[in-house]
Amino acid sequence: MKIEKSTSALATSFDETAKDLLATISSFNEEEFNQIPFAGSWSAAQVADHLKKSLKGTINALHGQVKPSEREPDEQVEKLKSIFLNFDIKMQSPEFILPTEQPLQKDTVYQNLKEITDEISKAINTLDLSFASTITFPNSGELTRHEWVSFATFHTQRHILQMKNIKKHFEAATVQ
């Protein structure tokens with residue numbers, strides 16, 4: 001029974017995060033979306049592109065080759081949370097999920113992320129999340145599907161905050 005409650009909470013958390021992501025993207029106008037707010041930052045479009053690539057990787061892990069796990073399905077969730085929701089840590093993105101340098105159409109990015117997050121939501125509700133993906137996660141090894149969804153949630157939450165900070169930067173600039 002524990003896993004059912006855990007799966008329900010996981011689904012709710014992911015769905016709320018996905019809604020927040022899409023609402024945050026919608027808050028930008030087209031110009032702001034592609035504008036780098038300050039040196040060393042990504043644009044909101046680049047953050048969204050990075051998330052798109054990362055979330056596609058999560059889909060691959062969820063639907064890829066899996067095997068029964070020999071541990072609790074949520075064993076590494078707190079570790080992932082402590083890493084990705086620690087905003088004092090400045091992280092470097094792996095090269096394969098670095099964003100494009102090209103301008104992106106906000107509506108296209110929004111639609112792509114909506115489809116990807118809908119696919120993950122469906123996976124949460126239809127797959128056995130206790131199985132471990134054979135795709136390894138940096139510094140953590142094999143994660144269960146449950147842990148992959150948790151990672152996707154925390155990682156997305158981290159970047160939603162980043163996009164909201166970018167938006168605040170633009171709002172502050174227009175007030176001055």
# chains A, B, ... in the order shown; residues from 1 in each chain; ligands from 1

$ closest_atom_pairs --of "segment 52-110 of chain A" --to "segment 14-35 of chain A" --cutoff "12 Å" --atoms "only C-alpha atoms" --output "Markdown table"
| residue | atom | partner | partner_atom | distance |
| --- | --- | --- | --- | --- |
| A:Lys52 | CA | A:Leu21 | CA | 11.1 |
| A:Leu55 | CA | A:Ala18 | CA | 10.9 |
| A:Pro99 | CA | A:Asn34 | CA | 11.8 |
| A:Thr100 | CA | A:Asn34 | CA | 10.9 |
| A:Glu101 | CA | A:Asn34 | CA | 9.6 |
| A:Gln102 | CA | A:Asn34 | CA | 8.7 |
| A:Pro103 | CA | A:Asn34 | CA | 5.8 |
| A:Leu104 | CA | A:Asn34 | CA | 6.8 |
| A:Gln105 | CA | A:Glu30 | CA | 7.3 |
| A:Lys106 | CA | A:Glu30 | CA | 6.2 |
| A:Asp107 | CA | A:Ser26 | CA | 8.4 |
| A:Thr108 | CA | A:Ile25 | CA | 11.0 |
| A:Val109 | CA | A:Ile25 | CA | 8.6 |
| A:Tyr110 | CA | A:Leu22 | CA | 6.4 |

$ residues_around --residues "Thr136 of chain A" --least-positions-apart "2" --cutoff "12 Å" --atoms "only C-alpha atoms" --output "tab-separated table (two decimals) with C-alpha atoms, in the first residue's frame"
chain	number	residue	atom	x	y	z
A	57	GLY	CA	15.84	11.71	-21.10
A	58	THR	CA	13.46	10.91	-18.26
A	60	ASN	CA	13.72	7.33	-22.22
A	61	ALA	CA	14.56	6.05	-18.74
A	62	LEU	CA	10.90	5.36	-17.92
A	64	GLY	CA	13.59	1.97	-21.70
A	65	GLN	CA	14.95	-1.30	-20.46
A	66	VAL	CA	14.18	-1.93	-16.79
A	132	ALA	CA	14.96	0.24	-12.00
A	133	SER	CA	16.02	1.73	-15.29
A	134	THR	CA	19.22	0.36	-16.77
A	138	PRO	CA	25.43	10.54	-12.79
A	139	ASN	CA	26.84	9.87	-9.30
A	140	SER	CA	23.83	7.73	-8.36
A	141	GLY	CA	23.90	4.67	-10.61
A	142	GLU	CA	20.63	3.03	-11.57
A	143	LEU	CA	17.51	4.83	-10.43
A	144	THR	CA	14.06	3.37	-10.15
A	145	ARG	CA	11.34	4.84	-12.31
A	147	GLU	CA	13.35	8.16	-8.59
A	148	TRP	CA	13.58	9.27	-12.23

$ residues_around --residues "segment 92-96 of chain A" --least-positions-apart "3" --cutoff "9 Å" --atoms "only C-alpha atoms" --output "PyMOL selection string"
chain A and resi 50+53-54+99

$ write_last_selection --atoms "C-alpha atoms" --output "compact mmCIF listing (two decimals), in the first residue's frame"
# COMPACT_ATOMS: atom_id res chain seq x y z
CA HIS A 50 17.41 22.41 -21.30
CA LYS A 53 16.09 17.73 -23.30
CA SER A 54 16.29 16.54 -19.70
CA PRO A 99 20.35 24.37 -24.63

$ atom_distance --atom1 "atom CA of Ile166 of chain A" --atom2 "atom CA of Pro37 of chain A"
6.3 Å

$ select_by_dssp --residues "segment 31-123 of chain A" --states "alpha helix (DSSP H)" --output "number ranges by chain"
A: 31-34, 44-63, 77-84, 106-123

$ closest_residue --among "A:Lys164, A:Arg158, A:Thr126, A:Leu113" --to "Ala48 of chain A" --atoms "only C-alpha atoms"
A:Leu113

$ atom_distance --atom1 "atom CA of Leu85 of chain A" --atom2 "atom CA of Thr174 of chain A"
29.5 Å

$ select_by_dssp --residues "chain A" --states "strand (DSSP E)" --output "JSON list (two decimals) with C-alpha atoms, in the first residue's frame"
[["chain", "number", "residue", "atom", "x", "y", "z"],
["A", 66, "VAL", "CA", 14.18, -1.93, -16.79],
["A", 67, "LYS", "CA", 14.71, -4.63, -14.22],
["A", 132, "ALA", "CA", 14.96, 0.24, -12.00],
["A", 133, "SER", "CA", 16.02, 1.73, -15.29],
["A", 134, "THR", "CA", 19.22, 0.36, -16.77],
["A", 135, "ILE", "CA", 20.12, 3.94, -17.76],
["A", 136, "THR", "CA", 22.52, 5.17, -15.11],
["A", 137, "PHE", "CA", 22.23, 8.55, -13.46],
["A", 141, "GLY", "CA", 23.90, 4.67, -10.61],
["A", 142, "GLU", "CA", 20.63, 3.03, -11.57],
["A", 143, "LEU", "CA", 17.51, 4.83, -10.43],
["A", 144, "THR", "CA", 14.06, 3.37, -10.15]]

$ closest_residue --among "A:Gln157, A:Ser150, A:Lys90, A:Ile124" --to "Gly40 of chain A" --atoms "only C-alpha atoms"
A:Lys90

$ atom_distance --atom1 "atom CA of Glu72 of chain A" --atom2 "atom CA of Asp118 of chain A"
25.8 Å

$ residues_around --residues "His146 of chain A" --least-positions-apart "4" --cutoff "10 Å" --atoms "only C-alpha atoms" --output "number ranges by chain"
A: 3, 6-7, 10-11, 62, 72-77, 124, 127-133, 150-152

$ closest_residue --among "A:Val47, A:Thr117, A:Phe154, A:Ile36" --to "Glu78 of chain A" --atoms "only C-alpha atoms"
A:Phe154
